[in-house]
Amino acid sequence: MNDESAFMQHAIDIAEKGIGRVSPNPPVGCILVQGDRIIAEGWHNQIGDLHAEQAAIADAEKRGENTEGCVAFVTLEPCNHFGRTPPCTQALLWAGVSKVVIASRDPNPNVRGKGIDALIEAGIEVEIGIQKPKAEAQMQAFLNWCEFRRPLVTLKMAVDANDKVDDRNAPARRFTTELSLQFAHALRRQCDAILVGSQTVIRDNPSLTIRKVDSDGSPNPTRIILDTRGEINKDAIVWNNNATTLRIVGQEKCDEIQGIESISMPTVTESKKPDDLLDLLGDRGIQELLIEGGPSVWTSFLENGVVDRIIHIRSEIEFDEGPEMKLSDRLLSLNNLELIDERRDTGDIIQIFTRGGRTLPHQRWPYPSD
């Protein structure tokens, strides 16, 4: 790995600190280099906070480092517009950088080449494409949203040794290991929204919040509840105020639940076509959606070919009687899903499938690298 690649890898590593915290913005990292020495670093840490370039410049000031003539390595094209913060291009010019090395162009219409053009017009040397595949893998949910205006869909399903998802002869209970449960909560930390059907809520009464891992500043994901006929009890935990909740109902008139937004979407609830819901979530800036249950919801998303990842957890437990959910080759093919990883370190077998064999955001995903 040459020096430029190594410097950009460092920027990618620190960008990871923003995953789960900065959506709908992407995770971005930036380092400032004088000669062969890193003099400052920064990353987009929280929505509304400094962008990575601005954070790196602030870090240099704090350290008493001179930024005049330095080289900036940044994982995404700097913005050139006013949003929650001033343009990053102006910050880089103010800092006196001589060159900006960029891993990936920004496809967001608000940026899309304007940041690069502004730097070049100001006489700054620009290099593009260093460590591009790794940077784009890290921000894949953001790039997917920019292209399709829909969230990237991850489906998590847990089954027993014989593909059963529940034991109808016993009270509802968790049957995967504690480590697998932590893995599931790490998934929640990565996502903007989490979706379940009414039967999952009625059977399990889940909270659908981040609890088994350190949230590290990440908010609880928005809860999307498919309550087709308004069957869910008004006292269900998902209606509390621990997270924003969106209730999707069908054609039948359902009683309102205080403090909960309800939207009638029969195409989703009756026709089992999730497209309208995915478009709605995309319009609301939801970039990563986690589907947790149950079998009928899994099937509707898989049959419509809209699943981008599957996390398949198989327990050693064997249920007596209950519904089954087999992940068939047909369903995998319909979504162009390929097995890219299999893990056995939790006591269960966790298989990860991705569309087209796409790599995961980073090696230890969904856990932080450090």
# chains A, B, ... in the order shown; residues from 1 in each chain; ligands from 1
>>> residues_around(residues="range 301-314 of chain A", least_positions_apart="3", cutoff="7 Å", atoms="only C-alpha atoms", output="ChimeraX atom specification")
/A:152-161,273-274,297-298,331,334-335,348-355
>>> select_by_dssp(residues="range 132-223 of chain A", states="strand (DSSP E)", output="short mmCIF file (atom, residue, chain, number, x, y, z; two decimals) with N, CA and C atoms, in the first residue's frame")
data_model
loop_
_atom_site.label_atom_id
_atom_site.label_comp_id
_atom_site.auth_asym_id
_atom_site.auth_seq_id
_atom_site.Cartn_x
_atom_site.Cartn_y
_atom_site.Cartn_z
N LEU A 152 -31.79 1.08 1.60
CA LEU A 152 -31.19 -0.24 1.44
C LEU A 152 -31.88 -1.15 2.44
N VAL A 153 -32.34 -2.32 1.98
CA VAL A 153 -33.19 -3.20 2.79
C VAL A 153 -32.39 -4.40 3.30
N THR A 154 -32.30 -4.50 4.63
CA THR A 154 -31.67 -5.67 5.26
C THR A 154 -32.75 -6.47 5.96
N LEU A 155 -32.82 -7.75 5.67
CA LEU A 155 -33.81 -8.63 6.28
C LEU A 155 -33.11 -9.56 7.26
N LYS A 156 -33.53 -9.53 8.52
CA LYS A 156 -32.97 -10.42 9.54
C LYS A 156 -33.99 -11.48 9.90
N MET A 157 -33.60 -12.74 9.76
CA MET A 157 -34.52 -13.81 10.11
C MET A 157 -33.80 -14.85 10.97
N ALA A 158 -34.50 -15.34 11.99
CA ALA A 158 -33.95 -16.36 12.87
C ALA A 158 -34.85 -17.59 12.81
N VAL A 159 -34.23 -18.77 12.69
CA VAL A 159 -34.97 -20.03 12.59
C VAL A 159 -34.33 -21.06 13.50
N ALA A 193 -34.40 2.78 10.26
CA ALA A 193 -35.75 2.32 10.57
C ALA A 193 -35.77 0.81 10.68
N ILE A 194 -36.74 0.31 11.46
CA ILE A 194 -36.90 -1.13 11.68
C ILE A 194 -38.37 -1.46 11.48
N LEU A 195 -38.65 -2.53 10.75
CA LEU A 195 -40.03 -2.86 10.35
C LEU A 195 -40.42 -4.25 10.84
N VAL A 196 -41.65 -4.35 11.36
CA VAL A 196 -42.23 -5.65 11.72
C VAL A 196 -43.71 -5.64 11.37
N GLY A 197 -44.28 -6.84 11.29
CA GLY A 197 -45.71 -6.98 11.07
C GLY A 197 -46.47 -7.07 12.37
N THR A 222 -36.39 4.53 13.69
CA THR A 222 -37.83 4.71 13.53
C THR A 222 -38.50 3.35 13.42
N ARG A 223 -39.59 3.15 14.16
CA ARG A 223 -40.30 1.87 14.11
C ARG A 223 -41.41 1.95 13.06
#
>>> closest_atom_pairs(of="range 289-363 of chain A", to="range 2-20 of chain A", cutoff="12 Å", atoms="only C-alpha atoms", output="CSV")
residue,atom,partner,partner_atom,distance
A:Leu289,CA,A:Gly20,CA,12.0
A:Pro361,CA,A:Glu16,CA,8.8
A:His362,CA,A:Glu16,CA,8.3
A:Gln363,CA,A:Asp13,CA,10.8
>>> select_by_dssp(residues="range 44-191 of chain A", states="alpha helix (DSSP H)", output="PyMOL selection string")
chain A and resi 52-63+88-95+114-121+132-138+140-148+178-190
>>> write_last_selection(atoms="C-alpha atoms", output="short mmCIF file (atom, residue, chain, number, x, y, z; two decimals), in the first residue's frame")
data_model
loop_
_atom_site.label_atom_id
_atom_site.label_comp_id
_atom_site.auth_asym_id
_atom_site.auth_seq_id
_atom_site.Cartn_x
_atom_site.Cartn_y
_atom_site.Cartn_z
CA ALA A 52 -15.21 15.99 8.34
CA GLU A 53 -13.11 18.64 6.58
CA GLN A 54 -14.14 21.33 9.06
CA ALA A 55 -13.51 18.98 11.99
CA ALA A 56 -10.01 18.20 10.70
CA ILE A 57 -9.19 21.91 10.34
CA ALA A 58 -10.49 22.54 13.87
CA ASP A 59 -8.32 19.67 15.10
CA ALA A 60 -5.25 21.25 13.46
CA GLU A 61 -6.00 24.55 15.20
CA LYS A 62 -6.36 22.76 18.52
CA ARG A 63 -3.01 21.05 18.03
CA CYS A 88 -16.45 22.48 3.09
CA THR A 89 -14.72 23.81 -0.03
CA GLN A 90 -14.53 27.26 1.59
CA ALA A 91 -13.07 25.75 4.77
CA LEU A 92 -10.37 23.96 2.77
CA LEU A 93 -9.50 27.14 0.87
CA TRP A 94 -9.37 29.12 4.10
CA ALA A 95 -6.99 26.50 5.56
CA LYS A 114 -19.65 21.16 -7.75
CA GLY A 115 -17.21 20.72 -4.88
CA ILE A 116 -14.49 19.41 -7.18
CA ASP A 117 -15.13 22.17 -9.72
CA ALA A 118 -14.92 24.86 -7.01
CA LEU A 119 -11.57 23.54 -5.79
CA ILE A 120 -10.09 23.33 -9.29
CA GLU A 121 -11.31 26.84 -10.16
CA LYS A 132 -12.76 4.37 -3.95
CA PRO A 133 -14.18 0.80 -3.53
CA LYS A 134 -13.63 0.80 0.24
CA ALA A 135 -15.03 4.29 0.70
CA GLU A 136 -18.12 3.49 -1.37
CA ALA A 137 -18.68 0.22 0.49
CA GLN A 138 -18.64 2.17 3.76
CA GLN A 140 -23.32 2.17 0.49
CA ALA A 141 -26.66 3.01 2.10
CA PHE A 142 -26.19 6.70 1.25
CA LEU A 143 -25.12 5.94 -2.33
CA ASN A 144 -28.05 3.55 -2.76
CA TRP A 145 -30.44 6.25 -1.55
CA CYS A 146 -28.92 8.83 -3.91
CA GLU A 147 -29.42 6.51 -6.87
CA PHE A 148 -32.84 5.00 -6.10
CA GLU A 178 -27.15 -13.90 23.85
CA LEU A 179 -24.30 -13.15 21.43
CA SER A 180 -26.65 -13.44 18.46
CA LEU A 181 -29.01 -11.06 20.22
CA GLN A 182 -26.16 -8.57 20.61
CA PHE A 183 -25.44 -8.97 16.89
CA ALA A 184 -29.10 -8.16 16.14
CA HIS A 185 -28.96 -5.03 18.29
CA ALA A 186 -25.74 -3.96 16.57
CA LEU A 187 -27.72 -4.21 13.33
CA ARG A 188 -30.35 -1.89 14.78
CA ARG A 189 -27.65 0.63 15.61
CA GLN A 190 -26.71 0.78 11.90
#
>>> closest_residue(among="A:Leu277, A:Val100, A:Cys191, A:Ala172", to="Arg203 in chain A", atoms="only C-alpha atoms")
A:Ala172
>>> atom_distance(atom1="CA of Gly357 in chain A", atom2="CA of Asn336 in chain A")
8.4 Å
>>> atom_distance(atom1="CA of Gln251 in chain A", atom2="CA of Val201 in chain A")
20.0 Å
>>> closest_residue(among="A:Arg105, A:Lys99, A:Lys253, A:Arg21", to="Thr75 in chain A", atoms="only C-alpha atoms")
A:Arg105
>>> closest_residue(among="A:Phe73, A:Trp43, A:Trp239, A:Tyr367", to="Ser215 in chain A", atoms="only C-alpha atoms")
A:Tyr367
>>> atom_distance(atom1="CA of Leu208 in chain A", atom2="CA of Ser296 in chain A")
18.4 Å
>>> closest_residue(among="A:Ile38, A:Val249, A:Val28, A:Ile224", to="Leu278 in chain A", atoms="only C-alpha atoms")
A:Ile224
>>> closest_residue(among="A:Leu332, A:Glu321, A:Leu32, A:Asp341", to="Asp163 in chain A", atoms="only C-alpha atoms")
A:Glu321
>>> decode(residues="range 11-70 of chain A", atoms="C-alpha atoms", output="PDB file, in the first residue's frame")
ATOM      1  CA  ALA A  11      -9.578   8.636   6.625  1.00  0.00           C
ATOM      2  CA  ILE A  12     -11.924   5.715   5.910  1.00  0.00           C
ATOM      3  CA  ASP A  13     -11.204   4.210   9.331  1.00  0.00           C
ATOM      4  CA  ILE A  14     -12.124   7.371  11.218  1.00  0.00           C
ATOM      5  CA  ALA A  15     -15.189   7.990   9.002  1.00  0.00           C
ATOM      6  CA  GLU A  16     -16.656   4.802  10.448  1.00  0.00           C
ATOM      7  CA  LYS A  17     -17.193   6.615  13.763  1.00  0.00           C
ATOM      8  CA  GLY A  18     -20.143   8.412  12.157  1.00  0.00           C
ATOM      9  CA  ILE A  19     -22.023   5.293  11.020  1.00  0.00           C
ATOM     10  CA  GLY A  20     -25.458   5.211  12.630  1.00  0.00           C
ATOM     11  CA  ARG A  21     -25.101   8.790  13.915  1.00  0.00           C
ATOM     12  CA  VAL A  22     -25.096  11.118  10.899  1.00  0.00           C
ATOM     13  CA  SER A  23     -27.889   9.872   8.618  1.00  0.00           C
ATOM     14  CA  PRO A  24     -29.211  11.183   6.259  1.00  0.00           C
ATOM     15  CA  ASN A  25     -25.663  12.430   5.717  1.00  0.00           C
ATOM     16  CA  PRO A  26     -23.018   9.825   4.839  1.00  0.00           C
ATOM     17  CA  PRO A  27     -20.111   8.906   7.133  1.00  0.00           C
ATOM     18  CA  VAL A  28     -17.083  10.927   5.998  1.00  0.00           C
ATOM     19  CA  GLY A  29     -13.499  11.132   7.260  1.00  0.00           C
ATOM     20  CA  CYS A  30     -10.721  13.611   6.521  1.00  0.00           C
ATOM     21  CA  ILE A  31      -7.047  13.856   7.449  1.00  0.00           C
ATOM     22  CA  LEU A  32      -4.558  16.674   6.818  1.00  0.00           C
ATOM     23  CA  VAL A  33      -1.012  15.745   5.843  1.00  0.00           C
ATOM     24  CA  GLN A  34       2.216  17.794   5.789  1.00  0.00           C
ATOM     25  CA  GLY A  35       4.938  15.881   3.975  1.00  0.00           C
ATOM     26  CA  ASP A  36       4.567  12.357   5.316  1.00  0.00           C
ATOM     27  CA  ARG A  37       3.025  13.350   8.659  1.00  0.00           C
ATOM     28  CA  ILE A  38      -0.654  13.397   9.629  1.00  0.00           C
ATOM     29  CA  ILE A  39      -1.145  16.733  11.388  1.00  0.00           C
ATOM     30  CA  ALA A  40      -4.900  16.542  12.019  1.00  0.00           C
ATOM     31  CA  GLU A  41      -7.972  14.380  11.518  1.00  0.00           C
ATOM     32  CA  GLY A  42     -11.723  14.791  11.638  1.00  0.00           C
ATOM     33  CA  TRP A  43     -14.949  12.991  10.860  1.00  0.00           C
ATOM     34  CA  HIS A  44     -18.620  13.841  10.659  1.00  0.00           C
ATOM     35  CA  ASN A  45     -19.615  12.823  14.161  1.00  0.00           C
ATOM     36  CA  GLN A  46     -23.260  13.832  14.575  1.00  0.00           C
ATOM     37  CA  ILE A  47     -25.958  15.307  12.362  1.00  0.00           C
ATOM     38  CA  GLY A  48     -25.636  19.087  12.561  1.00  0.00           C
ATOM     39  CA  ASP A  49     -22.011  18.935  13.755  1.00  0.00           C
ATOM     40  CA  LEU A  50     -18.984  19.967  11.725  1.00  0.00           C
ATOM     41  CA  HIS A  51     -18.381  18.088   8.500  1.00  0.00           C
ATOM     42  CA  ALA A  52     -15.214  15.992   8.339  1.00  0.00           C
ATOM     43  CA  GLU A  53     -13.111  18.637   6.582  1.00  0.00           C
ATOM     44  CA  GLN A  54     -14.137  21.334   9.058  1.00  0.00           C
ATOM     45  CA  ALA A  55     -13.512  18.985  11.987  1.00  0.00           C
ATOM     46  CA  ALA A  56     -10.009  18.203  10.699  1.00  0.00           C
ATOM     47  CA  ILE A  57      -9.185  21.912  10.344  1.00  0.00           C
ATOM     48  CA  ALA A  58     -10.495  22.538  13.867  1.00  0.00           C
ATOM     49  CA  ASP A  59      -8.317  19.667  15.096  1.00  0.00           C
ATOM     50  CA  ALA A  60      -5.253  21.255  13.459  1.00  0.00           C
ATOM     51  CA  GLU A  61      -6.003  24.550  15.200  1.00  0.00           C
ATOM     52  CA  LYS A  62      -6.360  22.755  18.516  1.00  0.00           C
ATOM     53  CA  ARG A  63      -3.005  21.052  18.026  1.00  0.00           C
ATOM     54  CA  GLY A  64      -1.329  24.272  16.897  1.00  0.00           C
ATOM     55  CA  GLU A  65      -0.501  22.837  13.471  1.00  0.00           C
ATOM     56  CA  ASN A  66       0.007  25.019  10.399  1.00  0.00           C
ATOM     57  CA  THR A  67      -2.303  23.888   7.589  1.00  0.00           C
ATOM     58  CA  GLU A  68      -0.832  26.127   4.873  1.00  0.00           C
ATOM     59  CA  GLY A  69       0.223  23.937   1.923  1.00  0.00           C
ATOM     60  CA  CYS A  70      -1.030  20.694   3.454  1.00  0.00           C
TER      61      CYS A  70
END
